[in-house]
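Notes to accompany the following structure.
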Number of protein chains: 2
Amino acid sequence: MNRAEVETAAWRFESDGRGFVRRTPLWKLPGHALGVACEEVWLKLEQLQVGGSFKARGMYNRLLANPIPAAGVIVASGGNAGIATAAAARALGVKCEVFVPTVSSPAKQQKLRELGADVVVTGAVYAEALEACLARQRETGALLTHAYDQPEVVAGAGTLAMEIEQQGGRAPDSVLVSVGGGGLIAGVAAWFEDRSRVVALEPELAPTLYRAREAGEPVDVAVSGIAADSLGARRIGAIAWEVTQKYLPQALLLPDAAIRDAQLALWQDFKLAVEPAAALGLAALRTGAYQPRADEVVALVLCGANLDPATLA
Amino acid sequence: MNRAEVETAAWRFESDGRGFVRRTPLWKLPGHALGVACEEVWLKLEQLQVGGSFKARGMYNRLLANPIPAAGVIVASGGNAGIATAAAARALGVKCEVFVPTVSSPAKQQKLRELGADVVVTGAVYAEALEACLARQRETGALLTHAYDQPEVVAGAGTLAMEIEQQGGRAPDSVLVSVGGGGLIAGVAAWFEDRSRVVALEPELAPTLYRAREAGEPVDVAVSGIAADSLGARRIGAIAWEVTQKYLPQALLLPDAAIRDAQLALWQDFKLAVEPAAALGLAALRTGAYQPRADEVVALVLCGANLDPATLA
């Protein structure tokens, strides 16, 4: 995984001509506007991406990079990866099957159907839905998308970092990125390499990268808490592990209460409606878990907004 | 009211050094991303302004442009103008009294108190709260801010148009602006003059400018409907009347149902949480009330986000 793969993904989005992936705004604010003692905070408003999260970049790149069989594409996900795959498939006019466990909410299933996906509800937990999805894939030969651990998915996510640099006119000094399975941070780190300090942020209750760094290798962890629906991967992805070992100086943990406070502050003070996973960057700055220098430009990635807006009231 | 006054307001914001007024993002999208048959739609994300609406620009300019007496500032408003005045006063460290009628919601009163304002709840309707406010102003000599009909307030709003042109790299072909008392559209039209087609949008149920144009002069109108809390002025302001008579080719009316549909689409498809008043531009494009040319660049001003997010669910 490297800059060239990110550039290829950006080229695919550009030359495709459909304009499916949105160039989301970069909002530059003085640090004091967010109560942070640093020069500038850049907010990458990626929650405004098509499908409501950064996942559209990776899924669309995966679909553009591969021949798509008559059986279409297939994915196991009740969350942002499923929505992004369904939206990308619709844009390309190909079939899409999404496997979700019976615990997934009817609202999310409905959203997937509105995007034209065939939704298969099966298995009590995600692992069972995944197993059924993989069996079906072997049967039909459909193109499988993975939420975070495929090279095209990581490279697609990396285009977000390329945009930050283009829109900012330079690389920020640091970039704070939330980590679940690690697809986003792998893409961001592959783009910036050593030119920015890329910092991993995880909820204390979903510490896939933090525990892997302690153990010296990816390990399964228990996941729960406020951001589990989007950062709830059980193990850091193999690609993310490799890239983060190479480039990442820091992986930080944050308590759910700080994440929730930051999510509410983003709404109340900035009218940005984001899911908890997108609030870890501000939480790290407000709690002092990450302390920038006075002259530092810090970029935060607001990665998603698939939330019930009533939870902000 | 002219470009020079807008430039002076922008200079005040810049030289003030506090960074109170935010430079909000301009989001450029291809027309097709919004289902509109035009080249580009530019969304000015002014709902992200401090205080949650464009009003902060005008109020802050009013306060910077005048000596502020020991009695501080005073305003009658239960809505965005009150919030913006209170926030501006807090930023400058001066006292602020806000008069609101008894019908105003406890949540809005609480928001004003959180911003450090002294809230005076009096009178059954807005007109009575205003009367009490004016009597109090004569007594204390406090600096009065008006929601839309003061030159500094209009010029401050105009800085939003100046930013659109700077951020876009050119003037858009057209700018669609919601109208209540007309402070925003007056500032926008004063900035663009004949260089953009500035189009006024009003709810059918709050047609202050439309009726004034029919009558040939400002007249009182009955106001109600989905956007009445922010576009519910009873009569177009004198400054807005003068400026729009000079520059505005079109004033359009929109039904509440189309406004509500556009508000929900902005949330569901773009994760932009805005109040109904901010959705009139998209409503005009989606209903065909305003039909751009195929090669047109249309700018929409998302003017506020002071809403209960549960209303988006």
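All residue names refer to the structure tokens as shown: chains lettered A, B, ... in order, residues numbered from 1 in each chain, ligands numbered from 1 in order.
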Fewer than 4 positions away in the same chain doesn't count, so skip those; otherwise give me all residues within 10 Å of Gly52 in chain A, counting only C-alpha atoms, as number ranges by chain.
A: 46-48, 56, 80, 83-84, 274-275, 303-307; B: 267-271
Residues just named, written with N, CA, C and O atoms as a PDB file, in the first residue's frame:
```pdb
ATOM      1  N   GLU A  46     -16.045  14.768   5.954  1.00  0.00           N
ATOM      2  CA  GLU A  46     -16.278  13.567   5.162  1.00  0.00           C
ATOM      3  C   GLU A  46     -17.598  12.884   5.513  1.00  0.00           C
ATOM      4  O   GLU A  46     -18.065  12.000   4.781  1.00  0.00           O
ATOM      5  N   GLN A  47     -18.229  13.342   6.605  1.00  0.00           N
ATOM      6  CA  GLN A  47     -19.565  12.813   6.898  1.00  0.00           C
ATOM      7  C   GLN A  47     -20.565  13.235   5.831  1.00  0.00           C
ATOM      8  O   GLN A  47     -21.662  12.681   5.750  1.00  0.00           O
ATOM      9  N   LEU A  48     -20.189  14.205   4.992  1.00  0.00           N
ATOM     10  CA  LEU A  48     -21.074  14.644   3.906  1.00  0.00           C
ATOM     11  C   LEU A  48     -20.880  13.802   2.635  1.00  0.00           C
ATOM     12  O   LEU A  48     -21.537  14.057   1.621  1.00  0.00           O
ATOM     13  N   ALA A  56     -17.681   5.109   1.031  1.00  0.00           N
ATOM     14  CA  ALA A  56     -18.004   5.133  -0.398  1.00  0.00           C
ATOM     15  C   ALA A  56     -16.740   5.150  -1.251  1.00  0.00           C
ATOM     16  O   ALA A  56     -16.708   4.574  -2.343  1.00  0.00           O
ATOM     17  N   ASN A  80     -22.075   1.103   7.698  1.00  0.00           N
ATOM     18  CA  ASN A  80     -21.638   2.015   6.652  1.00  0.00           C
ATOM     19  C   ASN A  80     -21.064   1.310   5.429  1.00  0.00           C
ATOM     20  O   ASN A  80     -21.232   1.788   4.304  1.00  0.00           O
ATOM     21  N   ILE A  83     -24.003   0.141   3.274  1.00  0.00           N
ATOM     22  CA  ILE A  83     -24.625   1.290   2.598  1.00  0.00           C
ATOM     23  C   ILE A  83     -23.754   1.758   1.440  1.00  0.00           C
ATOM     24  O   ILE A  83     -24.235   2.005   0.330  1.00  0.00           O
ATOM     25  N   ALA A  84     -22.439   1.853   1.689  1.00  0.00           N
ATOM     26  CA  ALA A  84     -21.524   2.347   0.653  1.00  0.00           C
ATOM     27  C   ALA A  84     -21.461   1.381  -0.525  1.00  0.00           C
ATOM     28  O   ALA A  84     -21.438   1.806  -1.687  1.00  0.00           O
ATOM     29  N   VAL A 274     -22.763  14.383  13.485  1.00  0.00           N
ATOM     30  CA  VAL A 274     -21.888  13.251  13.158  1.00  0.00           C
ATOM     31  C   VAL A 274     -22.156  12.088  14.100  1.00  0.00           C
ATOM     32  O   VAL A 274     -22.675  12.266  15.201  1.00  0.00           O
ATOM     33  N   GLU A 275     -21.783  10.895  13.657  1.00  0.00           N
ATOM     34  CA  GLU A 275     -21.903   9.730  14.528  1.00  0.00           C
ATOM     35  C   GLU A 275     -20.747   9.744  15.538  1.00  0.00           C
ATOM     36  O   GLU A 275     -19.746  10.455  15.333  1.00  0.00           O
ATOM     37  N   CYS A 303     -15.704  11.278   9.982  1.00  0.00           N
ATOM     38  CA  CYS A 303     -15.763  10.152   9.037  1.00  0.00           C
ATOM     39  C   CYS A 303     -17.161   9.668   8.713  1.00  0.00           C
ATOM     40  O   CYS A 303     -17.341   8.951   7.723  1.00  0.00           O
ATOM     41  N   GLY A 304     -18.174  10.033   9.506  1.00  0.00           N
ATOM     42  CA  GLY A 304     -19.500   9.515   9.190  1.00  0.00           C
ATOM     43  C   GLY A 304     -20.628  10.224   9.914  1.00  0.00           C
ATOM     44  O   GLY A 304     -20.420  10.876  10.938  1.00  0.00           O
ATOM     45  N   ALA A 305     -21.824  10.086   9.361  1.00  0.00           N
ATOM     46  CA  ALA A 305     -23.008  10.722   9.960  1.00  0.00           C
ATOM     47  C   ALA A 305     -24.227   9.824   9.861  1.00  0.00           C
ATOM     48  O   ALA A 305     -25.350  10.310   9.749  1.00  0.00           O
ATOM     49  N   ASN A 306     -23.989   8.529   9.897  1.00  0.00           N
ATOM     50  CA  ASN A 306     -25.153   7.643   9.908  1.00  0.00           C
ATOM     51  C   ASN A 306     -25.608   7.446  11.350  1.00  0.00           C
ATOM     52  O   ASN A 306     -25.235   6.510  12.039  1.00  0.00           O
ATOM     53  N   LEU A 307     -26.439   8.394  11.768  1.00  0.00           N
ATOM     54  CA  LEU A 307     -26.947   8.393  13.143  1.00  0.00           C
ATOM     55  C   LEU A 307     -28.410   8.801  13.128  1.00  0.00           C
ATOM     56  O   LEU A 307     -28.895   9.373  12.141  1.00  0.00           O
TER      57      LEU A 307
ATOM     58  N   TRP B 267     -30.808  16.474   4.656  1.00  0.00           N
ATOM     59  CA  TRP B 267     -30.343  15.593   5.717  1.00  0.00           C
ATOM     60  C   TRP B 267     -30.069  14.180   5.194  1.00  0.00           C
ATOM     61  O   TRP B 267     -28.975  13.640   5.346  1.00  0.00           O
ATOM     62  N   GLN B 268     -31.053  13.602   4.531  1.00  0.00           N
ATOM     63  CA  GLN B 268     -30.928  12.188   4.160  1.00  0.00           C
ATOM     64  C   GLN B 268     -29.838  11.961   3.115  1.00  0.00           C
ATOM     65  O   GLN B 268     -29.099  10.981   3.194  1.00  0.00           O
ATOM     66  N   ASP B 269     -29.725  12.834   2.148  1.00  0.00           N
ATOM     67  CA  ASP B 269     -28.787  12.608   1.048  1.00  0.00           C
ATOM     68  C   ASP B 269     -27.447  13.318   1.237  1.00  0.00           C
ATOM     69  O   ASP B 269     -26.466  12.971   0.581  1.00  0.00           O
ATOM     70  N   PHE B 270     -27.402  14.333   2.118  1.00  0.00           N
ATOM     71  CA  PHE B 270     -26.174  15.121   2.254  1.00  0.00           C
ATOM     72  C   PHE B 270     -25.728  15.316   3.697  1.00  0.00           C
ATOM     73  O   PHE B 270     -24.701  15.928   3.943  1.00  0.00           O
ATOM     74  N   LYS B 271     -26.515  14.806   4.640  1.00  0.00           N
ATOM     75  CA  LYS B 271     -26.168  14.909   6.061  1.00  0.00           C
ATOM     76  C   LYS B 271     -25.962  16.346   6.511  1.00  0.00           C
ATOM     77  O   LYS B 271     -25.159  16.635   7.407  1.00  0.00           O
TER      78      LYS B 271
END
```
Set the cut-off to 9 Å and count only C-alpha atoms: what are the residues of chain A that reach chain B? Output as a PyMOL selection string.
chain A and resi 19-20+22-30+32-33+47-52+268-274+305-306+308-313
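Secondary structure of range 147-283 of chain A, strand (DSSP E or B) only (DSSP, backbone atoms): Ser174, Val175, Leu176, Val177, Ser178, Arg197, Val198, Val199, Ala200, Leu201, Glu202, Pro203, Gln250, Ala251, Leu252, Leu253 and Leu254 of chain A.
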Output chain A, superimposed onto chain B using in-order Cα pairs, as a tab-separated table (two decimals) with C-alpha atoms, in the first residue's frame:
```tsv
chain	number	residue	atom	x	y	z
A	1	MET	CA	-25.89	50.16	0.90
A	2	ASN	CA	-23.05	49.18	-1.41
A	3	ARG	CA	-19.96	47.04	-1.86
A	4	ALA	CA	-17.80	49.44	0.11
A	5	GLU	CA	-19.89	48.93	3.23
A	6	VAL	CA	-19.57	45.18	2.86
A	7	GLU	CA	-15.81	45.52	2.47
A	8	THR	CA	-15.68	47.65	5.60
A	9	ALA	CA	-17.56	44.97	7.54
A	10	ALA	CA	-15.15	42.28	6.30
A	11	TRP	CA	-12.23	44.50	7.28
A	12	ARG	CA	-13.68	44.91	10.79
A	13	PHE	CA	-13.98	41.13	11.21
A	14	GLU	CA	-10.42	40.67	10.02
A	15	SER	CA	-8.76	43.45	11.99
A	16	ASP	CA	-10.71	42.73	15.16
A	17	GLY	CA	-8.38	39.79	15.78
A	18	ARG	CA	-10.85	37.71	17.78
A	19	GLY	CA	-11.85	35.48	14.89
A	20	PHE	CA	-15.45	35.57	16.06
A	21	VAL	CA	-17.09	35.34	12.65
A	22	ARG	CA	-16.30	32.03	10.98
A	23	ARG	CA	-15.35	31.65	7.34
A	24	THR	CA	-17.85	28.92	6.51
A	25	PRO	CA	-17.14	26.35	3.78
A	26	LEU	CA	-18.35	26.66	0.19
A	27	TRP	CA	-19.16	23.21	-1.12
A	28	LYS	CA	-19.08	22.87	-4.90
A	29	LEU	CA	-21.08	20.00	-6.33
A	30	PRO	CA	-21.94	19.02	-9.86
A	31	GLY	CA	-25.62	19.81	-10.51
A	32	HIS	CA	-26.45	16.14	-11.05
A	33	ALA	CA	-25.37	15.31	-7.49
A	34	LEU	CA	-28.46	17.24	-6.36
A	35	GLY	CA	-30.61	16.04	-9.24
A	36	VAL	CA	-30.46	19.46	-10.89
A	37	ALA	CA	-29.80	19.94	-14.62
A	38	CYS	CA	-27.15	22.63	-14.34
A	39	GLU	CA	-23.36	22.73	-14.36
A	40	GLU	CA	-22.65	23.28	-10.67
A	41	VAL	CA	-24.46	23.96	-7.43
A	42	TRP	CA	-22.46	25.76	-4.77
A	43	LEU	CA	-23.68	25.30	-1.22
A	44	LYS	CA	-22.56	28.03	1.16
A	45	LEU	CA	-22.64	26.18	4.48
A	46	GLU	CA	-23.51	29.22	6.53
A	47	GLN	CA	-25.56	27.14	8.95
A	48	LEU	CA	-22.15	26.32	10.46
A	49	GLN	CA	-21.67	29.98	11.41
A	50	VAL	CA	-21.22	30.82	15.11
A	51	GLY	CA	-24.66	30.88	16.72
A	52	GLY	CA	-25.99	28.58	13.99
A	53	SER	CA	-27.00	31.24	11.44
A	54	PHE	CA	-25.71	34.06	9.23
A	55	LYS	CA	-27.06	36.58	11.74
A	56	ALA	CA	-23.76	36.60	13.64
A	57	ARG	CA	-22.17	38.55	10.78
A	58	GLY	CA	-24.61	41.44	10.97
A	59	MET	CA	-24.82	41.63	14.72
A	60	TYR	CA	-21.07	41.55	15.18
A	61	ASN	CA	-20.62	44.26	12.58
A	62	ARG	CA	-23.24	46.40	14.34
A	63	LEU	CA	-21.40	46.03	17.65
A	64	LEU	CA	-17.95	46.68	16.19
A	65	ALA	CA	-19.14	49.76	14.29
A	66	ASN	CA	-20.60	51.59	17.27
A	67	PRO	CA	-19.46	52.70	20.71
A	68	ILE	CA	-21.08	50.35	23.21
A	69	PRO	CA	-22.52	52.10	26.27
A	70	ALA	CA	-22.10	50.73	29.80
A	71	ALA	CA	-25.66	49.43	29.51
A	72	GLY	CA	-24.46	47.13	26.75
A	73	VAL	CA	-26.63	45.95	23.88
A	74	ILE	CA	-30.31	45.17	23.68
A	75	VAL	CA	-32.51	43.28	21.23
A	76	ALA	CA	-36.03	41.90	20.94
A	77	SER	CA	-35.88	38.43	19.41
A	78	GLY	CA	-36.62	34.88	20.42
A	79	GLY	CA	-34.78	33.52	17.41
A	80	ASN	CA	-31.55	33.66	15.48
A	81	ALA	CA	-31.08	37.44	15.84
A	82	GLY	CA	-31.26	37.15	19.63
A	83	ILE	CA	-28.79	34.26	19.71
A	84	ALA	CA	-26.40	36.11	17.39
A	85	THR	CA	-26.58	39.32	19.42
A	86	ALA	CA	-25.96	37.47	22.68
A	87	ALA	CA	-23.02	35.56	21.19
A	88	ALA	CA	-21.49	38.75	19.74
A	89	ALA	CA	-21.91	40.59	23.05
A	90	ARG	CA	-20.25	37.76	24.93
A	91	ALA	CA	-17.32	37.75	22.52
A	92	LEU	CA	-16.81	41.46	23.18
A	93	GLY	CA	-17.41	41.15	26.92
A	94	VAL	CA	-20.38	43.52	27.04
A	95	LYS	CA	-23.79	43.18	28.66
A	96	CYS	CA	-26.75	41.95	26.63
A	97	GLU	CA	-30.48	42.09	27.29
A	98	VAL	CA	-32.82	40.02	25.12
A	99	PHE	CA	-36.58	40.57	25.18
A	100	VAL	CA	-38.74	37.61	24.18
A	101	PRO	CA	-42.50	37.08	24.32
A	102	THR	CA	-44.02	34.55	26.71
A	103	VAL	CA	-44.77	32.24	23.75
A	104	SER	CA	-41.07	31.73	23.04
A	105	SER	CA	-39.83	28.25	23.90
A	106	PRO	CA	-38.05	27.58	27.20
A	107	ALA	CA	-35.30	25.87	25.17
A	108	LYS	CA	-34.56	29.08	23.25
A	109	GLN	CA	-34.63	31.13	26.45
A	110	GLN	CA	-32.19	28.67	27.99
A	111	LYS	CA	-29.88	28.93	24.99
A	112	LEU	CA	-29.83	32.73	25.37
A	113	ARG	CA	-29.01	32.44	29.09
A	114	GLU	CA	-26.18	30.01	28.31
A	115	LEU	CA	-24.76	32.74	26.08
A	116	GLY	CA	-24.72	35.07	29.08
A	117	ALA	CA	-27.72	37.21	28.12
A	118	ASP	CA	-30.24	38.67	30.56
A	119	VAL	CA	-33.50	37.31	29.19
A	120	VAL	CA	-36.65	39.36	29.77
A	121	VAL	CA	-39.79	37.37	29.08
A	122	THR	CA	-42.65	39.80	28.51
A	123	GLY	CA	-45.72	40.30	26.32
A	124	ALA	CA	-47.99	37.76	24.72
A	125	VAL	CA	-46.66	38.30	21.19
A	126	TYR	CA	-43.47	39.59	19.61
A	127	ALA	CA	-44.80	43.13	19.07
A	128	GLU	CA	-45.33	43.53	22.81
A	129	ALA	CA	-41.87	42.23	23.63
A	130	LEU	CA	-40.46	44.69	21.11
A	131	GLU	CA	-42.36	47.58	22.66
A	132	ALA	CA	-40.99	46.72	26.11
A	133	CYS	CA	-37.51	46.41	24.60
A	134	LEU	CA	-37.69	49.86	23.02
A	135	ALA	CA	-38.94	51.42	26.26
A	136	ARG	CA	-36.07	49.81	28.13
A	137	GLN	CA	-33.59	51.03	25.52
A	138	ARG	CA	-34.75	54.62	25.96
A	139	GLU	CA	-34.24	54.20	29.70
A	140	THR	CA	-30.76	52.64	29.62
A	141	GLY	CA	-29.30	53.97	26.38
A	142	ALA	CA	-28.13	50.46	25.41
A	143	LEU	CA	-27.14	49.85	21.78
A	144	LEU	CA	-30.12	48.38	19.95
A	145	THR	CA	-29.66	45.69	17.32
A	146	HIS	CA	-32.35	45.03	14.75
A	147	ALA	CA	-32.79	41.63	13.12
A	148	TYR	CA	-32.51	42.97	9.57
A	149	ASP	CA	-33.11	46.68	9.04
A	150	GLN	CA	-29.89	48.41	10.11
A	151	PRO	CA	-27.10	49.27	7.63
A	152	GLU	CA	-24.37	47.52	9.66
A	153	VAL	CA	-26.54	44.40	9.92
A	154	VAL	CA	-27.10	44.28	6.17
A	155	ALA	CA	-23.44	44.99	5.37
A	156	GLY	CA	-22.34	42.26	7.78
A	157	ALA	CA	-24.60	39.76	6.04
A	158	GLY	CA	-23.09	40.86	2.74
A	159	THR	CA	-19.68	39.51	3.79
A	160	LEU	CA	-21.14	36.06	3.16
A	161	ALA	CA	-21.53	36.95	-0.52
A	162	MET	CA	-17.99	38.31	-0.67
A	163	GLU	CA	-16.77	34.97	0.71
A	164	ILE	CA	-18.75	33.02	-1.87
A	165	GLU	CA	-16.98	34.93	-4.63
A	166	GLN	CA	-13.55	34.52	-3.03
A	167	GLN	CA	-14.01	30.83	-2.34
A	168	GLY	CA	-15.60	30.10	-5.70
A	169	GLY	CA	-12.94	31.99	-7.61
A	170	ARG	CA	-15.66	33.93	-9.46
A	171	ALA	CA	-19.19	35.21	-8.96
A	172	PRO	CA	-21.78	32.46	-9.45
A	173	ASP	CA	-24.25	33.00	-12.29
A	174	SER	CA	-27.11	33.06	-9.80
A	175	VAL	CA	-27.62	33.10	-6.03
A	176	LEU	CA	-30.81	31.84	-4.41
A	177	VAL	CA	-31.53	33.51	-1.07
A	178	SER	CA	-34.35	33.03	1.45
A	179	VAL	CA	-36.11	36.23	2.52
A	180	GLY	CA	-37.76	37.13	5.83
A	181	GLY	CA	-37.10	40.77	6.67
A	182	GLY	CA	-34.56	40.88	3.85
A	183	GLY	CA	-31.31	41.62	5.65
A	184	LEU	CA	-29.47	38.74	4.02
A	185	ILE	CA	-30.66	39.30	0.47
A	186	ALA	CA	-29.96	43.03	0.74
A	187	GLY	CA	-26.37	42.30	1.73
A	188	VAL	CA	-25.96	39.68	-1.00
A	189	ALA	CA	-27.42	41.94	-3.71
A	190	ALA	CA	-25.37	44.92	-2.53
A	191	TRP	CA	-22.26	42.79	-2.97
A	192	PHE	CA	-23.02	41.19	-6.32
A	193	GLU	CA	-24.91	44.12	-7.87
A	194	ASP	CA	-25.49	43.06	-11.48
A	195	ARG	CA	-22.71	40.48	-11.53
A	196	SER	CA	-24.96	37.62	-10.38
A	197	ARG	CA	-28.67	37.03	-10.71
A	198	VAL	CA	-29.87	37.25	-7.11
A	199	VAL	CA	-33.22	35.49	-6.67
A	200	ALA	CA	-35.49	35.95	-3.65
A	201	LEU	CA	-37.26	32.90	-2.24
A	202	GLU	CA	-40.11	33.04	0.26
A	203	PRO	CA	-42.59	30.58	1.68
A	204	GLU	CA	-46.10	31.13	0.28
A	205	LEU	CA	-47.13	31.63	3.89
A	206	ALA	CA	-44.57	34.40	4.60
A	207	PRO	CA	-44.42	36.52	1.41
A	208	THR	CA	-43.08	39.88	2.63
A	209	LEU	CA	-41.08	40.78	-0.47
A	210	TYR	CA	-43.46	39.20	-2.96
A	211	ARG	CA	-46.42	41.18	-1.64
A	212	ALA	CA	-44.38	44.37	-1.46
A	213	ARG	CA	-43.47	43.97	-5.14
A	214	GLU	CA	-47.15	43.44	-5.98
A	215	ALA	CA	-48.16	46.52	-3.97
A	216	GLY	CA	-45.26	48.65	-5.15
A	217	GLU	CA	-44.20	49.34	-1.58
A	218	PRO	CA	-43.57	47.46	1.68
A	219	VAL	CA	-46.83	46.23	3.21
A	220	ASP	CA	-47.71	44.18	6.28
A	221	VAL	CA	-48.47	40.53	5.57
A	222	ALA	CA	-49.80	37.64	7.63
A	223	VAL	CA	-47.07	35.08	8.31
A	224	SER	CA	-47.32	31.43	9.30
A	225	GLY	CA	-46.06	28.04	8.21
A	226	ILE	CA	-42.98	25.87	8.49
A	227	ALA	CA	-40.34	28.61	8.32
A	228	ALA	CA	-42.16	31.34	10.24
A	229	ASP	CA	-39.79	31.18	13.20
A	230	SER	CA	-36.93	32.54	11.09
A	231	LEU	CA	-38.61	34.06	7.99
A	232	GLY	CA	-41.62	35.42	9.88
A	233	ALA	CA	-41.00	39.17	9.62
A	234	ARG	CA	-44.29	40.96	8.92
A	235	ARG	CA	-42.88	43.48	6.45
A	236	ILE	CA	-39.83	43.72	4.27
A	237	GLY	CA	-37.17	46.03	5.70
A	238	ALA	CA	-36.65	49.50	4.23
A	239	ILE	CA	-33.03	48.78	3.29
A	240	ALA	CA	-33.94	45.47	1.69
A	241	TRP	CA	-36.74	47.12	-0.25
A	242	GLU	CA	-34.42	49.73	-1.70
A	243	VAL	CA	-31.65	47.30	-2.63
A	244	THR	CA	-33.93	44.63	-4.07
A	245	GLN	CA	-35.83	47.19	-6.18
A	246	LYS	CA	-32.51	48.09	-7.73
A	247	TYR	CA	-31.04	44.64	-8.35
A	248	LEU	CA	-33.60	41.85	-8.12
A	249	PRO	CA	-35.25	40.43	-11.24
A	250	GLN	CA	-37.15	37.66	-9.45
A	251	ALA	CA	-39.00	36.90	-6.23
A	252	LEU	CA	-40.47	33.39	-6.01
A	253	LEU	CA	-42.90	31.71	-3.64
A	254	LEU	CA	-42.63	28.11	-2.49
A	255	PRO	CA	-45.14	25.84	-0.75
A	256	ASP	CA	-44.33	24.51	2.71
A	257	ALA	CA	-44.44	20.90	1.50
A	258	ALA	CA	-41.64	21.53	-1.02
A	259	ILE	CA	-39.57	23.28	1.65
A	260	ARG	CA	-40.00	20.36	4.01
A	261	ASP	CA	-39.09	17.83	1.29
A	262	ALA	CA	-35.91	19.76	0.51
A	263	GLN	CA	-35.01	20.01	4.20
A	264	LEU	CA	-35.34	16.22	4.54
A	265	ALA	CA	-33.34	15.61	1.34
A	266	LEU	CA	-30.51	17.80	2.63
A	267	TRP	CA	-30.34	15.58	5.70
A	268	GLN	CA	-30.92	12.19	4.14
A	269	ASP	CA	-28.78	12.60	1.02
A	270	PHE	CA	-26.17	15.12	2.22
A	271	LYS	CA	-26.17	14.90	6.04
A	272	LEU	CA	-26.69	18.64	6.23
A	273	ALA	CA	-28.94	19.46	9.17
A	274	VAL	CA	-30.62	22.80	8.43
A	275	GLU	CA	-33.73	24.66	9.49
A	276	PRO	CA	-36.59	24.96	6.99
A	277	ALA	CA	-35.58	28.53	6.02
A	278	ALA	CA	-32.28	27.15	4.70
A	279	ALA	CA	-33.98	24.65	2.37
A	280	LEU	CA	-35.80	27.08	0.07
A	281	GLY	CA	-32.98	27.13	-2.48
A	282	LEU	CA	-33.00	23.39	-3.03
A	283	ALA	CA	-36.81	23.44	-3.01
A	284	ALA	CA	-36.79	26.02	-5.82
A	285	LEU	CA	-34.45	23.86	-7.90
A	286	ARG	CA	-36.25	20.58	-7.24
A	287	THR	CA	-39.73	21.93	-7.97
A	288	GLY	CA	-38.57	23.82	-11.05
A	289	ALA	CA	-39.74	27.12	-9.55
A	290	TYR	CA	-36.26	28.27	-10.53
A	291	GLN	CA	-34.89	26.68	-13.70
A	292	PRO	CA	-31.18	27.27	-14.31
A	293	ARG	CA	-29.58	27.03	-17.74
A	294	ALA	CA	-27.57	23.88	-18.48
A	295	ASP	CA	-24.26	25.73	-18.14
A	296	GLU	CA	-25.24	27.71	-15.04
A	297	VAL	CA	-23.44	27.85	-11.69
A	298	VAL	CA	-26.08	28.34	-8.99
A	299	ALA	CA	-25.20	29.24	-5.41
A	300	LEU	CA	-27.51	28.38	-2.51
A	301	VAL	CA	-27.13	29.90	0.92
A	302	LEU	CA	-27.83	27.45	3.75
A	303	CYS	CA	-28.59	30.22	6.21
A	304	GLY	CA	-29.30	28.49	9.52
A	305	ALA	CA	-29.47	25.34	11.61
A	306	ASN	CA	-31.28	26.31	14.74
A	307	LEU	CA	-33.64	23.36	14.74
A	308	ASP	CA	-34.54	20.43	16.92
A	309	PRO	CA	-32.60	17.59	15.26
A	310	ALA	CA	-35.37	15.16	16.20
A	311	THR	CA	-37.49	16.84	13.51
A	312	LEU	CA	-35.17	15.28	10.91
A	313	ALA	CA	-35.80	11.72	12.07
```
Residues of range 87-153 of chain B in alpha helix (DSSP H), written as a PyMOL selection string
chain B and resi 87-92+106-114+126-140+151-153
Keeping only C-alpha atoms, write those residues as a compact mmCIF listing (two decimals), in the first residue's frame.
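Output file part.txt follows:
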```
# COMPACT_ATOMS: atom_id res chain seq x y z
CA ALA B 87 -23.01 35.56 21.18
CA ALA B 88 -21.49 38.76 19.74
CA ALA B 89 -21.91 40.59 23.04
CA ARG B 90 -20.26 37.75 24.93
CA ALA B 91 -17.32 37.74 22.51
CA LEU B 92 -16.81 41.47 23.17
CA PRO B 106 -38.06 27.55 27.13
CA ALA B 107 -35.29 25.84 25.11
CA LYS B 108 -34.55 29.06 23.22
CA GLN B 109 -34.64 31.11 26.41
CA GLN B 110 -32.20 28.65 27.97
CA LYS B 111 -29.88 28.91 24.96
CA LEU B 112 -29.84 32.71 25.36
CA ARG B 113 -29.02 32.41 29.05
CA GLU B 114 -26.19 30.00 28.29
CA TYR B 126 -43.43 39.56 19.51
CA ALA B 127 -44.77 43.09 18.98
CA GLU B 128 -45.32 43.50 22.72
CA ALA B 129 -41.85 42.19 23.56
CA LEU B 130 -40.44 44.67 21.04
CA GLU B 131 -42.35 47.54 22.60
CA ALA B 132 -41.00 46.69 26.04
CA CYS B 133 -37.51 46.39 24.55
CA LEU B 134 -37.70 49.83 22.97
CA ALA B 135 -38.96 51.40 26.22
CA ARG B 136 -36.09 49.78 28.09
CA GLN B 137 -33.60 51.00 25.48
CA ARG B 138 -34.76 54.60 25.92
CA GLU B 139 -34.25 54.18 29.65
CA THR B 140 -30.76 52.61 29.60
CA PRO B 151 -27.10 49.26 7.63
CA GLU B 152 -24.36 47.51 9.66
CA VAL B 153 -26.53 44.42 9.93
```
